[in-house]
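Chemist: Below you'll find work-v2.cif; it's mmCIF, C-alpha atoms.
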data_data
#
loop_
_atom_site.label_atom_id
_atom_site.label_comp_id
_atom_site.auth_asym_id
_atom_site.auth_seq_id
_atom_site.Cartn_x
_atom_site.Cartn_y
_atom_site.Cartn_z
CA MET U 1 102.77 129.53 63.22
CA THR U 2 106.45 129.33 62.32
CA ALA U 3 108.62 126.44 63.37
CA SER U 4 110.49 128.62 65.88
CA ARG U 5 107.25 129.83 67.47
CA ALA U 6 105.94 126.25 67.68
CA PHE U 7 109.15 125.19 69.36
CA ARG U 8 108.96 128.02 71.90
CA ALA U 9 105.31 127.18 72.64
CA ALA U 10 106.15 123.52 73.13
CA ARG U 11 109.03 124.44 75.43
CA ARG U 12 106.79 126.68 77.54
CA ALA U 13 104.22 123.88 77.80
CA ALA U 14 106.94 121.49 78.92
CA TYR U 15 108.06 123.94 81.61
CA VAL U 16 104.51 123.93 82.95
CA ALA U 17 103.84 120.22 82.53
CA LEU U 18 107.03 118.82 84.04
CA PRO U 19 106.49 120.20 87.55
CA VAL U 20 102.89 119.00 87.45
CA LEU U 21 103.97 115.50 86.41
CA ALA U 22 106.69 115.44 89.03
CA ALA U 23 104.23 116.48 91.72
CA ALA U 24 101.78 113.79 90.64
CA HIS U 25 104.53 111.17 90.70
CA ALA U 26 105.67 112.16 94.19
CA ALA U 27 102.29 112.89 95.81
CA PRO U 28 102.01 109.49 97.55
CA VAL U 29 105.27 110.26 99.40
CA LEU U 30 103.02 111.90 101.99
CA SER U 31 102.18 108.37 103.14
CA THR U 32 105.77 108.09 104.41
CA PHE U 33 104.78 110.29 107.35
CA GLY U 34 103.76 107.62 109.86
CA PRO U 35 101.27 109.52 112.06
CA LEU U 36 99.37 110.78 109.02
CA ARG U 37 99.40 107.37 107.35
CA ASN U 38 98.23 105.56 110.46
CA ARG U 39 95.35 107.99 110.87
CA VAL U 40 94.00 108.30 107.33
CA MET U 41 95.45 105.27 105.47
CA PRO U 42 94.80 102.26 107.72
CA ARG U 43 94.95 99.73 104.89
CA LEU U 44 98.31 100.99 103.63
CA SER U 45 99.59 101.09 107.23
CA GLY U 46 98.77 97.44 107.69
CA GLN U 47 96.16 97.88 110.39
CA GLY U 48 94.19 94.72 111.08
CA ARG U 49 92.39 92.84 113.85
CA THR U 50 92.67 94.54 117.21
CA ASP U 51 93.75 91.32 118.95
CA HIS U 52 96.58 90.67 116.50
CA VAL U 53 100.01 92.10 115.65
CA ALA U 54 101.59 91.45 112.26
CA LEU U 55 105.33 90.81 112.50
CA THR U 56 107.26 91.72 109.35
CA PHE U 57 110.90 91.72 108.31
CA ASP U 58 112.55 93.58 105.41
CA ASP U 59 115.73 93.34 103.31
CA GLY U 60 116.36 89.58 103.36
CA PRO U 61 117.02 86.86 102.74
CA ASP U 62 120.58 86.92 104.08
CA PRO U 63 122.30 83.57 104.71
CA LEU U 64 124.39 85.15 107.47
CA SER U 65 121.49 86.47 109.53
CA THR U 66 118.06 85.22 108.39
CA PRO U 67 118.57 81.65 109.71
CA PHE U 68 118.97 83.02 113.26
CA PHE U 69 115.55 84.66 113.00
CA LEU U 70 114.01 81.51 111.58
CA ARG U 71 115.31 79.45 114.49
CA GLN U 72 114.12 81.93 117.08
CA LEU U 73 110.66 82.18 115.52
CA GLU U 74 110.44 78.40 115.27
CA ALA U 75 111.27 78.08 118.96
CA ARG U 76 108.38 80.43 119.77
CA ARG U 77 106.06 78.85 117.19
CA ILE U 78 105.59 82.21 115.51
CA HIS U 79 105.16 82.88 111.81
CA ALA U 80 106.01 86.22 110.20
CA THR U 81 105.90 88.00 106.85
CA PHE U 82 109.25 88.49 105.13
CA PHE U 83 109.51 91.19 102.44
CA LEU U 84 112.32 89.88 100.24
CA LEU U 85 114.57 91.65 97.80
CA GLY U 86 114.31 89.79 94.52
CA SER U 87 118.05 90.01 93.86
CA ALA U 88 118.82 88.48 97.28
CA ALA U 89 116.22 85.75 96.81
CA ARG U 90 117.78 84.75 93.50
CA ARG U 91 121.16 84.31 95.23
CA THR U 92 119.74 82.13 98.02
CA PRO U 93 116.75 80.19 96.65
CA ASP U 94 117.20 77.31 99.11
CA LEU U 95 116.91 79.71 102.04
CA VAL U 96 113.70 81.13 100.57
CA ARG U 97 112.27 77.64 100.26
CA GLU U 98 113.27 76.96 103.87
CA MET U 99 111.32 80.04 104.94
CA VAL U 100 108.25 78.82 103.08
CA ALA U 101 108.58 75.31 104.50
CA ALA U 102 108.69 76.83 107.99
CA GLY U 103 105.29 78.44 107.35
CA HIS U 104 106.32 82.05 106.88
CA GLU U 105 104.61 84.40 104.45
CA ILE U 106 106.75 85.64 101.57
CA ALA U 107 106.27 89.11 100.08
CA ILE U 108 108.49 91.38 97.98
CA HIS U 109 110.53 94.49 98.72
CA GLY U 110 111.44 95.18 95.11
CA TRP U 111 114.33 93.80 93.09
CA GLN U 112 116.99 96.05 94.59
CA HIS U 113 116.83 98.43 97.53
CA ARG U 114 116.57 101.64 95.53
CA PRO U 115 114.12 104.50 96.17
CA LEU U 116 111.22 104.37 93.72
CA LEU U 117 110.93 108.14 93.89
CA LEU U 118 113.89 108.31 91.48
CA ARG U 119 112.35 105.85 89.04
CA GLY U 120 109.88 106.36 86.26
CA PRO U 121 106.80 104.27 85.47
CA ARG U 122 108.55 101.69 83.29
CA ALA U 123 111.51 101.17 85.60
CA THR U 124 109.18 100.86 88.59
CA TYR U 125 107.02 98.26 86.88
CA ASP U 126 110.03 96.26 85.68
CA ASP U 127 111.54 96.25 89.18
CA LEU U 128 108.39 94.96 90.86
CA ALA U 129 107.60 92.47 88.10
CA ARG U 130 111.11 91.02 88.20
CA ALA U 131 110.97 90.60 91.97
CA ARG U 132 107.47 89.10 91.90
CA ASP U 133 108.28 86.65 89.14
CA THR U 134 111.61 85.57 90.63
CA VAL U 135 110.20 84.97 94.09
CA GLY U 136 107.16 83.26 92.60
CA GLU U 137 109.33 80.87 90.61
CA ILE U 138 111.32 79.96 93.73
CA THR U 139 108.34 79.44 96.01
CA GLY U 140 105.82 78.15 93.49
CA THR U 141 103.32 80.86 94.51
CA ALA U 142 103.20 84.42 93.24
CA PRO U 143 103.54 86.86 96.15
CA THR U 144 100.66 89.26 96.69
CA LEU U 145 102.15 91.79 99.12
CA PHE U 146 104.67 94.53 98.39
CA ARG U 147 106.58 97.04 100.50
CA PRO U 148 108.62 99.74 98.75
CA PRO U 149 112.22 100.42 99.76
CA TYR U 150 112.36 103.08 102.50
CA GLY U 151 108.56 102.92 102.66
CA VAL U 152 108.30 105.54 99.91
CA MET U 153 105.33 105.05 97.59
CA THR U 154 104.87 106.87 94.29
CA THR U 155 102.05 107.06 91.80
CA SER U 156 104.01 104.71 89.53
CA ALA U 157 104.41 102.25 92.40
CA HIS U 158 100.67 102.25 93.10
CA LEU U 159 99.81 101.75 89.43
CA SER U 160 102.45 99.04 88.93
CA ALA U 161 101.34 97.20 92.05
CA ARG U 162 97.77 97.20 90.82
CA ARG U 163 98.77 95.82 87.42
CA LEU U 164 100.79 93.07 89.11
CA ASN U 165 98.08 92.18 91.67
CA LEU U 166 100.27 93.35 94.54
CA THR U 167 98.92 95.05 97.65
CA PRO U 168 101.25 97.67 99.20
CA VAL U 169 101.64 97.38 102.97
CA LEU U 170 103.78 99.68 105.11
CA TRP U 171 103.74 99.59 108.93
CA THR U 172 102.39 101.22 112.09
CA CYS U 173 105.54 100.91 114.21
CA TRP U 174 109.20 100.09 113.74
CA GLY U 175 112.33 99.54 115.78
CA GLU U 176 114.72 101.88 113.95
CA ASP U 177 116.98 98.86 114.08
CA TRP U 178 119.05 99.96 111.10
CA ARG U 179 120.81 102.71 113.04
CA ALA U 180 124.46 102.38 114.04
CA ARG U 181 123.64 103.44 117.60
CA ALA U 182 120.76 100.96 117.99
CA THR U 183 120.81 98.40 120.79
CA PRO U 184 118.42 95.57 121.64
CA HIS U 185 116.95 97.82 124.33
CA SER U 186 116.47 100.77 121.99
CA VAL U 187 114.84 98.57 119.35
CA LEU U 188 112.41 97.18 121.91
CA ARG U 189 111.66 100.60 123.38
CA THR U 190 111.03 102.18 119.98
CA VAL U 191 108.72 99.40 118.79
CA THR U 192 106.67 99.16 121.97
CA ALA U 193 106.20 102.93 122.21
CA ASP U 194 103.76 102.67 119.28
CA LEU U 195 102.72 99.03 119.60
CA ARG U 196 98.95 98.60 119.49
CA GLY U 197 96.58 95.79 118.71
CA GLY U 198 95.99 95.67 114.97
CA GLY U 199 99.41 97.11 114.22
CA THR U 200 102.13 95.99 111.84
CA VAL U 201 105.72 95.89 113.14
CA LEU U 202 108.66 96.56 110.82
CA LEU U 203 112.04 94.99 111.64
CA HIS U 204 115.01 93.86 109.53
CA ASP U 205 116.54 90.40 109.26
CA SER U 206 119.46 91.72 107.20
CA ASP U 207 121.87 94.63 107.40
CA CYS U 208 122.30 94.97 103.63
CA THR U 209 121.15 98.60 103.84
CA SER U 210 121.65 99.08 107.58
CA ALA U 211 124.59 99.55 109.92
CA PRO U 212 126.88 96.50 109.82
CA GLY U 213 125.78 93.90 112.33
CA SER U 214 122.60 95.79 113.19
CA TRP U 215 120.52 92.65 112.71
CA GLN U 216 121.99 91.32 115.96
CA ASN U 217 120.23 94.11 117.87
CA THR U 218 116.97 93.13 116.24
CA LEU U 219 117.51 89.50 117.09
CA GLY U 220 118.31 90.46 120.68
CA ALA U 221 115.11 92.51 120.99
CA LEU U 222 112.81 89.92 119.44
CA PRO U 223 112.21 87.63 122.46
CA ARG U 224 111.22 90.51 124.71
CA LEU U 225 109.00 91.98 121.98
CA LEU U 226 107.15 88.67 121.69
CA ASP U 227 106.87 88.53 125.49
CA THR U 228 105.39 92.04 125.52
CA CYS U 229 102.75 91.04 122.98
CA ASP U 230 101.88 88.01 125.11
CA GLU U 231 101.57 90.20 128.21
CA ARG U 232 99.19 92.52 126.35
CA GLY U 233 97.05 89.65 125.11
CA LEU U 234 98.09 90.16 121.48
CA ARG U 235 98.62 87.29 119.08
CA VAL U 236 101.59 87.62 116.73
CA GLY U 237 101.58 86.33 113.19
CA PRO U 238 101.96 87.15 109.49
CA LEU U 239 99.92 89.67 107.55
CA ARG U 240 97.80 86.90 106.00
CA GLU U 241 96.28 86.34 109.46
CA HIS U 242 95.91 90.04 110.23
CA GLY U 243 92.40 90.55 108.92
#
Is it possible to give me this structure as structure tokens?

Modeler:
Amino acid sequence: MTASRAFRAARRAAYVALPVLAAAHAAPVLSTFGPLRNRVMPRLSGQGRTDHVALTFDDGPDPLSTPFFLRQLEARRIHATFFLLGSAARRTPDLVREMVAAGHEIAIHGWQHRPLLLRGPRATYDDLARARDTVGEITGTAPTLFRPPYGVMTTSAHLSARRLNLTPVLWTCWGEDWRARATPHSVLRTVTADLRGGGTVLLHDSDCTSAPGSWQNTLGALPRLLDTCDERGLRVGPLREHG
């Protein structure tokens, strides 16, 4: 075979292989579809004990907003799981330590809030490893839970999480509290529409990727959400108590 023929054959093989590799990388994106995930991927959805609800927050820590959530949770004697951005944790290590001292569970949300779908295997691994190691150094304990930005998993994310001893956890219901048109009432209504025993609730304690000031709607909805869980006989706590 001549060099030109070998080159053309290699190019044709690449044309075939690249779409296959791209499809394999993106296949787990199907888990982003909540109803499908909740039905066939209970572990990834964060489904646990039927008498318990896991309360989780993403995108922190933020010194302008996170302390308000900590005070409100302390007043209700509730612990939650906070999925931290590694870059934000590095900027506010004392706040992270305060969260740990208050009894909250610390997990990671990646180093920066960028979709993993646009990242290859090496970049994905480096992002998760950097976040895990940074948060672990601050808290003294390596985190074991991981939630991808935008809830979008990829094959590289699954493989990297396994290598780093991280368990991916998404959610069963959310408040859509990042929207500019959100209100405390809309956040509460959206969460409770899908709230069930054994579910995992996603909220945000920071507006770093949300509408400016949106965290105030979340904070305003939180007391009534906790009241609703009480009325339904559901205990609220972090994922470590979820079963």

Chemist: Please evaluate the PyMOL selection byres ((chain U and resi 46) around 6) against the structure above and give the resulting residues as a CSV table (one decimal) with C-alpha atoms, in the frame of the given file.

Modeler:
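Dumped to selection.csv:
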chain,number,residue,atom,x,y,z
U,43,ARG,CA,95.0,99.7,104.9
U,44,LEU,CA,98.3,101.0,103.6
U,45,SER,CA,99.6,101.1,107.2
U,47,GLN,CA,96.2,97.9,110.4
U,169,VAL,CA,101.6,97.4,103.0
U,171,TRP,CA,103.7,99.6,108.9
U,200,THR,CA,102.1,96.0,111.8

Chemist: Can you pull out every residue within 12 Å of Thr50 of chain U, counting all atoms listed in the file, but drop anything in the same chain fewer than 4 positions away, and send it as a list in words?

Modeler: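 Close residues of Thr50 of chain U: Gly46, Ala54, Leu195, Arg196, Gly197, Gly198, Gly199, Thr200, Arg232, Gly233, Leu234, Arg235, Val236, Glu241, His242 and Gly243 of chain U.
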
Chemist: Tell me, as a list in words, which residues lie within 9 Å of His204 of chain U, counting all atoms listed in the file; anything in the same chain fewer than 3 positions away does not count.

Modeler: Thr56, Phe57, Asp58, Asp59, Gly60, Gly175, Asp177, Trp178, Asp207, Ser210, Ser214, Trp215 and Thr218 of chain U

Chemist: Dump C-alpha atoms for the selected residues as a compact mmCIF listing (two decimals), keeping the file's coordinate frame?

Modeler:
# COMPACT_ATOMS: atom_id res chain seq x y z
CA THR U 56 107.26 91.72 109.35
CA PHE U 57 110.90 91.72 108.31
CA ASP U 58 112.55 93.58 105.41
CA ASP U 59 115.73 93.34 103.31
CA GLY U 60 116.36 89.58 103.36
CA GLY U 175 112.33 99.54 115.78
CA ASP U 177 116.98 98.86 114.08
CA TRP U 178 119.05 99.96 111.10
CA ASP U 207 121.87 94.63 107.40
CA SER U 210 121.65 99.08 107.58
CA SER U 214 122.60 95.79 113.19
CA TRP U 215 120.52 92.65 112.71
CA THR U 218 116.97 93.13 116.24

Chemist: Which residue out of U:Asp127, U:Glu74, U:Asp51, U:Asp230 has the minimum interatomic distance to Ile108 of chain U when only C-alpha atoms are used?

Modeler: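 Using only C-alpha atoms, the shortest distance to Ile108 of chain U belongs to U:Asp127.
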
Chemist: Can you pull out the residues contacting Thr141 of chain U? Cut-off 10 Å, using all atoms listed in the file, and skip same-chain residues under 4 positions away; I want them as a list in words.

Modeler: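 The neighbour list is Ile106, Arg132, Asp133, Val135, Gly136 and Glu137 of chain U.
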
Chemist: Counting only C-alpha atoms, which of U:Ala182, U:Leu188, U:Ala211, U:Met41 gets nearest to Cys229 of chain U?

Modeler: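 Of U:Ala182, U:Leu188, U:Ala211, U:Met41, the one nearest Cys229 of chain U, counting only C-alpha atoms, is U:Leu188.
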
Chemist: Neighbouring residues of Met99 of chain U were defined as those with any atom within 12 Å, considering only C-alpha atoms; residues of the same chain fewer than 2 positions away were excluded. Please report them as JSON, numbers by chain.

Modeler: {"U": [60, 61, 62, 63, 66, 67, 68, 69, 70, 71, 73, 74, 79, 80, 81, 82, 83, 84, 89, 92, 93, 94, 95, 96, 97, 101, 102, 103, 104, 105, 106, 107, 135, 138, 139]}

Chemist: Rounded to one decimal, what separation in Å do you get between atom CA of Arg240 of chain U and atom CA of Gln112 of chain U?

Modeler: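 So the two atoms, atom CA of Arg240 of chain U and atom CA of Gln112 of chain U, lie 24.1 Å apart.
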
Chemist: So that I can check the surroundings of His158 of chain U, please list as a short mmCIF file (atom, residue, chain, number, x, y, z; two decimals) with C-alpha atoms, keeping the file's coordinate frame every protein, DNA and RNA residue that reaches within 9 Å of it, counting all atoms listed in the file and ignoring chain neighbours fewer than 4 positions away.

Modeler:
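And here is the file that came out, selection24.cif:
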data_model
loop_
_atom_site.label_atom_id
_atom_site.label_comp_id
_atom_site.auth_asym_id
_atom_site.auth_seq_id
_atom_site.Cartn_x
_atom_site.Cartn_y
_atom_site.Cartn_z
CA PRO U 28 102.01 109.49 97.55
CA MET U 153 105.33 105.05 97.59
CA THR U 154 104.87 106.87 94.29
CA ARG U 162 97.77 97.20 90.82
CA ARG U 163 98.77 95.82 87.42
CA THR U 167 98.92 95.05 97.65
CA PRO U 168 101.25 97.67 99.20
#

Chemist: Pick the closest to Leu239 of chain U from U:Pro184, U:Ala129, U:Phe146, U:Thr124: which is it, counting all atoms listed in the file?

Modeler: U:Phe146

Chemist: For a test of reading the model, state the distance in Å between atom CA of His113 of chain U and atom CA of Pro212 of chain U, rounded to one decimal.

Modeler: 16.0 Å
